[in-house]
>>> print(open('query.txt').read())   # compact mmCIF, C-alpha atoms
# COMPACT_ATOMS: atom_id res chain seq x y z
CA MET Z 940 50.49 12.40 -26.72
CA THR Z 941 46.90 12.39 -27.84
CA VAL Z 942 44.31 11.80 -25.18
CA VAL Z 943 41.14 10.36 -26.51
CA LYS Z 944 38.22 11.53 -24.52
CA PHE Z 945 35.63 8.80 -24.37
CA PRO Z 946 32.06 9.92 -24.01
CA LEU Z 947 30.85 9.60 -20.47
CA ALA Z 948 28.00 7.33 -19.61
CA PRO Z 949 24.74 9.22 -19.26
CA ALA Z 950 24.79 11.02 -15.97
CA VAL Z 951 22.59 9.43 -13.38
CA THR Z 952 21.16 12.44 -11.68
CA GLY Z 953 18.20 11.18 -9.74
CA ALA Z 954 14.80 12.83 -9.73
CA GLN Z 955 13.70 11.39 -13.06
CA LEU Z 956 13.90 8.02 -14.69
CA PRO Z 957 14.94 8.13 -18.35
CA PRO Z 958 11.74 7.99 -20.47
CA ALA Z 959 12.66 4.60 -21.97
CA GLU Z 960 13.05 3.03 -18.53
CA LEU Z 961 9.89 4.65 -17.30
CA ARG Z 962 7.99 3.33 -20.32
CA ARG Z 963 9.33 -0.15 -19.72
CA VAL Z 964 8.21 -0.11 -16.10
CA ILE Z 965 4.80 1.32 -16.96
CA ASN Z 966 4.28 -1.31 -19.64
CA ALA Z 967 5.14 -3.98 -17.08
CA CYS Z 968 2.51 -2.55 -14.73
CA GLY Z 969 -0.04 -2.11 -17.52
CA GLU Z 970 -1.37 -5.64 -17.32
CA SER Z 971 -2.06 -5.31 -13.60
CA ILE Z 972 -3.82 -1.99 -14.07
CA ALA Z 973 -5.92 -3.37 -16.93
CA SER Z 974 -6.93 -6.42 -14.88
CA GLY Z 975 -7.87 -4.28 -11.88
CA ALA Z 976 -5.13 -5.74 -9.66
CA ALA Z 977 -3.65 -2.23 -9.52
CA SER Z 978 -5.34 1.14 -9.74
CA GLY Z 979 -2.44 3.15 -11.11
CA TRP Z 980 1.08 4.28 -10.52
CA GLU Z 981 2.69 7.31 -9.04
CA ILE Z 982 6.10 8.90 -9.11
CA GLY Z 983 8.02 10.27 -6.18
CA GLU Z 984 11.55 10.81 -5.07
CA THR Z 985 13.61 10.28 -1.98
CA GLU Z 986 15.17 12.99 0.13
CA CYS Z 987 18.38 12.48 -1.85
CA GLY Z 988 16.54 12.94 -5.14
CA ASP Z 989 16.52 9.27 -6.13
CA PRO Z 990 13.46 8.55 -8.26
CA GLN Z 991 10.80 6.11 -7.12
CA ILE Z 992 7.81 4.59 -8.87
CA TYR Z 993 4.96 3.23 -6.82
CA LEU Z 994 2.39 0.80 -8.18
CA ILE Z 995 -0.83 1.41 -6.29
CA GLY Z 996 -3.24 -1.38 -5.44
CA PRO Z 997 -6.99 -1.38 -5.97
CA PRO Z 998 -9.54 0.52 -3.86
CA PRO Z 999 -10.56 0.87 -1.11
CA ASP Z 1000 -7.10 0.60 0.45
CA PHE Z 1001 -4.91 1.85 -2.41
CA ASP Z 1002 -1.94 0.18 -0.78
CA CYS Z 1003 1.40 0.35 -2.53
CA ILE Z 1004 1.96 -3.04 -4.19
CA LEU Z 1005 5.42 -2.48 -5.59
CA SER Z 1006 8.01 0.24 -5.36
CA ILE Z 1007 10.90 0.66 -7.75
CA SER Z 1008 13.74 2.93 -6.69
CA ARG Z 1009 16.89 3.87 -8.51
CA MET Z 1010 19.94 4.80 -6.49
CA GLY Z 1011 22.75 5.66 -8.83
CA ASN Z 1012 22.93 2.68 -11.14
CA LEU Z 1013 21.24 0.31 -8.70
CA TYR Z 1014 17.56 -0.52 -9.04
CA VAL Z 1015 15.69 -1.79 -6.00
CA LEU Z 1016 12.34 -3.53 -6.20
CA GLU Z 1017 10.39 -3.62 -2.93
CA ASP Z 1018 6.88 -4.63 -2.01
CA GLY Z 1019 4.52 -2.42 -0.04
CA SER Z 1020 5.95 -3.66 3.25
CA GLY Z 1021 9.52 -2.76 2.41
CA ARG Z 1022 10.56 -6.31 1.65
CA ILE Z 1023 13.34 -6.27 -0.95
CA LEU Z 1024 12.27 -8.44 -3.86
CA PHE Z 1025 15.15 -7.70 -6.20
CA GLU Z 1026 18.16 -5.44 -6.57
CA HIS Z 1027 20.16 -5.12 -9.76
CA ASP Z 1028 21.73 -2.64 -12.12
CA ASP Z 1029 19.87 -3.97 -15.15
CA PRO Z 1030 16.44 -2.34 -15.60
CA VAL Z 1031 15.34 -5.08 -18.03
CA LEU Z 1032 15.90 -7.78 -15.42
CA LEU Z 1033 14.21 -5.63 -12.84
CA THR Z 1034 11.14 -5.19 -15.04
CA GLU Z 1035 10.94 -8.96 -15.53
CA ARG Z 1036 11.10 -9.47 -11.77
CA ALA Z 1037 8.45 -6.83 -11.22
CA MET Z 1038 6.14 -8.62 -13.67
CA ALA Z 1039 6.83 -11.96 -11.97
CA ALA Z 1040 6.07 -10.42 -8.57
CA LEU Z 1041 2.79 -9.04 -9.88
CA ARG Z 1042 1.82 -12.40 -11.34
CA ARG Z 1043 2.61 -14.10 -8.02
CA ARG Z 1044 0.51 -11.53 -6.22
CA LYS Z 1045 -2.40 -12.13 -8.60
CA SER Z 1046 -2.19 -15.90 -7.98
CA ALA Z 1047 -2.08 -15.32 -4.23
CA ILE Z 1048 -5.17 -13.09 -4.39
CA THR Z 1049 -7.01 -15.67 -6.52
CA ALA Z 1050 -6.10 -18.39 -4.03
CA ARG Z 1051 -7.32 -16.25 -1.12
CA ILE Z 1052 -10.61 -15.55 -2.88
CA ALA Z 1053 -11.05 -19.28 -3.60
CA VAL Z 1054 -10.46 -20.17 0.07
CA ALA Z 1055 -12.90 -17.47 1.22
CA TRP Z 1056 -15.51 -18.70 -1.29
CA CYS Z 1057 -15.14 -22.30 -0.09
CA ALA Z 1058 -15.48 -21.23 3.54
CA LEU Z 1059 -18.58 -19.19 2.73
CA ARG Z 1060 -20.15 -22.10 0.82
CA GLU Z 1061 -19.40 -24.46 3.69
CA ALA Z 1062 -20.99 -22.07 6.19
CA VAL Z 1063 -24.10 -21.56 4.03
CA GLU Z 1064 -24.46 -25.32 3.48
CA GLU Z 1065 -24.16 -25.95 7.21
CA LYS Z 1066 -26.92 -23.42 7.91
CA THR Z 1067 -29.27 -24.68 5.18
CA ASP Z 1068 -28.73 -28.31 6.23
CA ALA Z 1069 -29.74 -27.45 9.78
CA MET Z 1070 -32.80 -25.52 8.54
CA LEU Z 1071 -33.90 -28.40 6.30
CA GLU Z 1072 -33.50 -30.90 9.11
CA GLU Z 1073 -35.58 -28.69 11.39
CA SER Z 1074 -38.39 -28.31 8.87
CA MET Z 1075 -38.41 -32.05 8.17
CA GLU Z 1076 -38.78 -32.71 11.89
CA LEU Z 1077 -41.61 -30.19 12.10
CA LEU Z 1078 -43.33 -31.80 9.15
CA THR Z 1079 -43.18 -35.28 10.70
CA HIS Z 1080 -44.84 -33.87 13.83
CA LEU Z 1081 -47.47 -31.87 12.02
CA ALA Z 1082 -48.39 -34.32 9.24
CA PRO Z 1083 -50.31 -36.85 11.44
CA GLN Z 1084 -52.24 -34.01 13.09
CA VAL Z 1085 -53.16 -32.53 9.71
CA VAL Z 1086 -54.27 -35.98 8.53
CA CYS Z 1087 -56.49 -36.35 11.63
CA LEU Z 1088 -58.11 -33.00 10.99
CA ALA Z 1089 -58.77 -33.76 7.35
CA MET R 498 9.95 15.49 -1.98
CA LYS R 499 7.92 15.83 -5.11
CA ARG R 500 5.08 13.58 -6.06
CA THR R 501 3.50 13.28 -9.43
CA THR R 502 0.34 11.37 -10.04
CA ARG R 503 0.01 9.42 -13.25
CA GLN R 504 -2.75 6.94 -13.37
CA GLY R 505 -5.57 5.53 -15.37
CA GLY R 506 -9.17 6.62 -15.05
CA SER R 507 -10.03 7.92 -11.66
CA GLY R 508 -13.56 6.54 -11.81
CA ILE R 509 -15.29 9.72 -10.77
CA GLY R 510 -19.05 9.27 -10.62
CA THR R 511 -21.66 11.59 -12.08
CA GLY R 512 -24.07 12.08 -9.20
CA SER R 513 -26.00 15.23 -8.35
CA VAL R 514 -23.88 18.30 -7.82
CA VAL R 515 -24.09 19.97 -4.42
CA PRO R 516 -22.79 23.55 -4.24
CA ALA R 517 -19.47 23.72 -2.40
CA GLU R 518 -20.85 25.99 0.33
CA ASN R 519 -23.60 23.44 1.13
CA ARG R 520 -21.31 20.46 1.30
CA ALA R 521 -20.35 18.94 4.62
CA PRO R 522 -16.62 19.14 5.34
CA ARG R 523 -15.17 16.16 3.52
CA GLU R 524 -13.30 13.51 5.49
CA PRO R 525 -9.86 12.90 4.04
CA ASP R 526 -9.77 9.67 2.03
CA VAL R 527 -7.39 6.75 2.48
CA LYS R 528 -4.71 8.22 0.23
CA GLU R 529 -4.89 11.64 1.86
CA ARG R 530 -4.69 10.14 5.35
CA ARG R 531 -1.59 8.15 4.41
CA LYS R 532 -0.01 11.29 2.97
CA LEU R 533 -0.81 13.18 6.17
CA ALA R 534 0.84 10.38 8.15
CA GLY R 535 3.86 10.56 5.85
CA THR R 536 4.18 14.30 6.31
CA TRP R 537 3.91 13.91 10.09
CA LEU R 538 6.59 11.19 10.08
CA LYS R 539 8.87 13.36 7.97
CA GLU R 540 8.47 16.28 10.38
CA LEU R 541 9.26 14.05 13.36
CA ARG R 542 12.38 12.69 11.66
CA GLN R 543 13.59 16.13 10.66
CA ARG R 544 12.99 17.42 14.18
CA ALA R 545 15.12 14.54 15.45
CA GLY R 546 17.88 15.72 13.09
CA LEU R 547 17.97 12.50 11.10
CA SER R 548 18.17 11.95 7.38
CA GLN R 549 16.17 9.20 5.71
CA ILE R 550 19.40 7.22 5.32
CA GLU R 551 20.27 7.58 9.02
CA LEU R 552 16.80 6.55 10.15
CA ALA R 553 16.76 3.54 7.82
CA ASP R 554 20.18 2.57 9.12
CA ARG R 555 19.01 2.76 12.75
CA LEU R 556 15.93 0.72 11.92
CA GLY R 557 18.06 -1.95 10.29
CA PHE R 558 16.72 -1.44 6.77
CA LYS R 559 19.12 -2.29 3.97
CA TYR R 560 18.01 0.70 1.88
CA TYR R 561 16.42 3.97 2.87
CA THR R 562 13.91 3.78 0.04
CA PHE R 563 11.21 2.29 2.26
CA VAL R 564 11.42 5.29 4.61
CA SER R 565 10.90 7.53 1.60
CA GLN R 566 7.99 5.38 0.40
CA ILE R 567 6.24 5.80 3.75
CA GLU R 568 6.99 9.52 4.06
CA ASN R 569 5.66 10.09 0.54
CA GLY R 570 2.40 8.51 1.67
CA PHE R 571 2.65 5.23 -0.21
CA GLY R 572 3.16 2.83 2.64
CA ARG R 573 2.54 2.22 6.32
CA VAL R 574 5.02 1.89 9.13
CA PRO R 575 5.02 -1.87 9.81
CA THR R 576 3.63 -2.74 13.24
CA GLU R 577 6.84 -4.53 14.19
CA SER R 578 8.89 -1.37 13.46
CA MET R 579 6.63 1.13 15.20
CA GLU R 580 8.35 1.09 18.58
CA ALA R 581 11.86 1.38 17.16
CA TRP R 582 10.71 4.05 14.70
CA ALA R 583 9.15 6.07 17.54
CA ARG R 584 12.20 5.81 19.79
CA ASN R 585 14.57 6.81 17.00
CA VAL R 586 12.65 9.99 16.23
CA GLY R 587 12.30 10.79 19.94
CA ALA R 588 8.59 10.04 20.24
CA ASP R 589 6.66 8.13 22.85
CA PRO R 590 5.85 4.74 21.27
CA ALA R 591 2.26 4.70 22.55
CA LYS R 592 1.47 8.22 21.32
CA PHE R 593 3.29 7.53 18.07
CA THR R 594 1.28 4.36 17.42
CA ARG R 595 -1.96 6.07 18.37
CA GLU R 596 -1.29 8.91 15.94
CA LEU R 597 -0.48 6.48 13.13
CA LEU R 598 -3.58 4.44 13.91
CA SER R 599 -5.69 7.58 13.51
CA HIS R 600 -4.34 7.91 9.97
CA TYR R 601 -4.11 4.28 8.91
CA GLU R 602 -7.27 2.89 10.59
CA PRO R 603 -9.50 5.89 11.38
CA GLU R 604 -12.58 3.77 12.10
CA LEU R 605 -10.70 1.54 14.53
CA TYR R 606 -9.20 4.64 16.14
CA ARG R 607 -12.67 6.18 16.50
CA LEU R 608 -14.02 3.04 18.14
CA LEU R 609 -11.09 2.75 20.50
CA PHE R 610 -10.40 6.30 21.55
CA GLU R 611 -13.14 8.73 20.64
CA VAL R 612 -15.50 9.65 23.42
CA LYS R 613 -19.16 9.33 22.47
CA LYS R 614 -21.05 12.62 22.62
>>> encode(input="query.txt", output="structure tokens")
Amino acid sequence: MTVVKFPLAPAVTGAQLPPAELRRVINACGESIASGAASGWEIGETECGDPQIYLIGPPPDFDCILSISRMGNLYVLEDGSGRILFEHDDPVLLTERAMAALRRRKSAITARIAVAWCALREAVEEKTDAMLEESMELLTHLAPQVVCLA
Amino acid sequence: MKRTTRQGGSGIGTGSVVPAENRAPREPDVKERRKLAGTWLKELRQRAGLSQIELADRLGFKYYTFVSQIENGFGRVPTESMEAWARNVGADPAKFTRELLSHYEPELYRLLFEVKK
């Protein structure tokens, strides 16, 4: 009997992501880094030697925005608070989800900035309105006296 | 646990250069503080005889990757997990939280706990 030995699937040995996968993930993060939504990425590993990639947010906090971990053939996408965003064995799908998560984050930040801007404008307008009213009142008191003196 | 840094420009300024011996001792920055917190958390866990997987399991996390993320200095222990985290590594929750606060929010810690000279 002849036993055909099929080639084994590439061994998944933790510690390092295959360069192609790493490139894919880095490309996915590239847009965020270029736009300033992220400051860079870092590589680490778990106690068991499972590789992790962390996408780091902008200064001054440098919070971790996304973390991608590979455990065996499973990829886990988490945000900086440990919330699981996606888990799958397909790195392509995972990269797509990572990009979607980053886009959502960018929209959320834009929305927050817009709300803060509106609140600031409202506060400034309130202050200037009050100041204008006050000076108008002052003017109505002073004007007759100035006319008398003239 | 190894860490490798790969990032874009670090944005280092080009101000005047002060000789090292004349420089005031530098305060650790945000990243360094978080790494110090991570190292401290790792030591506590190891002293409690727990693996990252065991701790994550006790804290009710689906995967242990978040524990690793925090210990590597890329995340913070969520406020809602602090008490359970402390108890599971055999630490007093108040002291544990205070120590983490000194790393995560040094200015707040200074205002709250440091005695004015």
>>> atom_distance(input="query.txt", atom1="CA of Pro990 (chain Z)", atom2="CA of Tyr1014 (chain Z)")
10.0 Å
>>> residues_near_point(input="query.txt", point="(0.0, 0.0, 10.0)", cutoff="8 Å", atoms="only C-alpha atoms", output="JSON, numbers by chain")
{"R": [573, 574, 575, 576, 597, 598, 601, 602]}
>>> closest_residue(input="query.txt", among="Z:Met1010, Z:Leu1077, Z:Ile965, Z:Met1070", to="Ala1037 (chain Z)", atoms="only C-alpha atoms")
Z:Ile965
>>> interface_residues(input="query.txt", of="chain Z", to="chain R", cutoff="6 Å", atoms="all atoms listed in the file", output="list in words")
Gly979, Trp980, Glu981, Ile982, Gly983, Glu984, Thr985, Cys1003 and Gly1021 of chain Z
>>> residues_around(input="query.txt", residues="Gly969 (chain Z)", least_positions_apart="5", cutoff="10 Å", atoms="all atoms listed in the file", output="short mmCIF file (atom, residue, chain, number, x, y, z; two decimals) with C-alpha atoms, in the frame of the given file")
data_model
loop_
_atom_site.label_atom_id
_atom_site.label_comp_id
_atom_site.auth_asym_id
_atom_site.auth_seq_id
_atom_site.Cartn_x
_atom_site.Cartn_y
_atom_site.Cartn_z
CA ARG Z 963 9.33 -0.15 -19.72
CA VAL Z 964 8.21 -0.11 -16.10
CA SER Z 974 -6.93 -6.42 -14.88
CA GLY Z 975 -7.87 -4.28 -11.88
CA ALA Z 977 -3.65 -2.23 -9.52
CA SER Z 978 -5.34 1.14 -9.74
CA GLY Z 979 -2.44 3.15 -11.11
CA TRP Z 980 1.08 4.28 -10.52
CA MET Z 1038 6.14 -8.62 -13.67
CA GLY R 505 -5.57 5.53 -15.37
#
>>> atom_distance(input="query.txt", atom1="CA of Gly1019 (chain Z)", atom2="CA of Phe1001 (chain Z)")
10.6 Å
>>> residues_around(input="query.txt", residues="Asn1012 (chain Z)", least_positions_apart="3", cutoff="9 Å", atoms="only C-alpha atoms", output="list in words")
Val951, Arg1009, His1027, Asp1028 and Asp1029 of chain Z
>>> atom_distance(input="query.txt", atom1="CA of Arg530 (chain R)", atom2="CA of Ser599 (chain R)")
8.6 Å
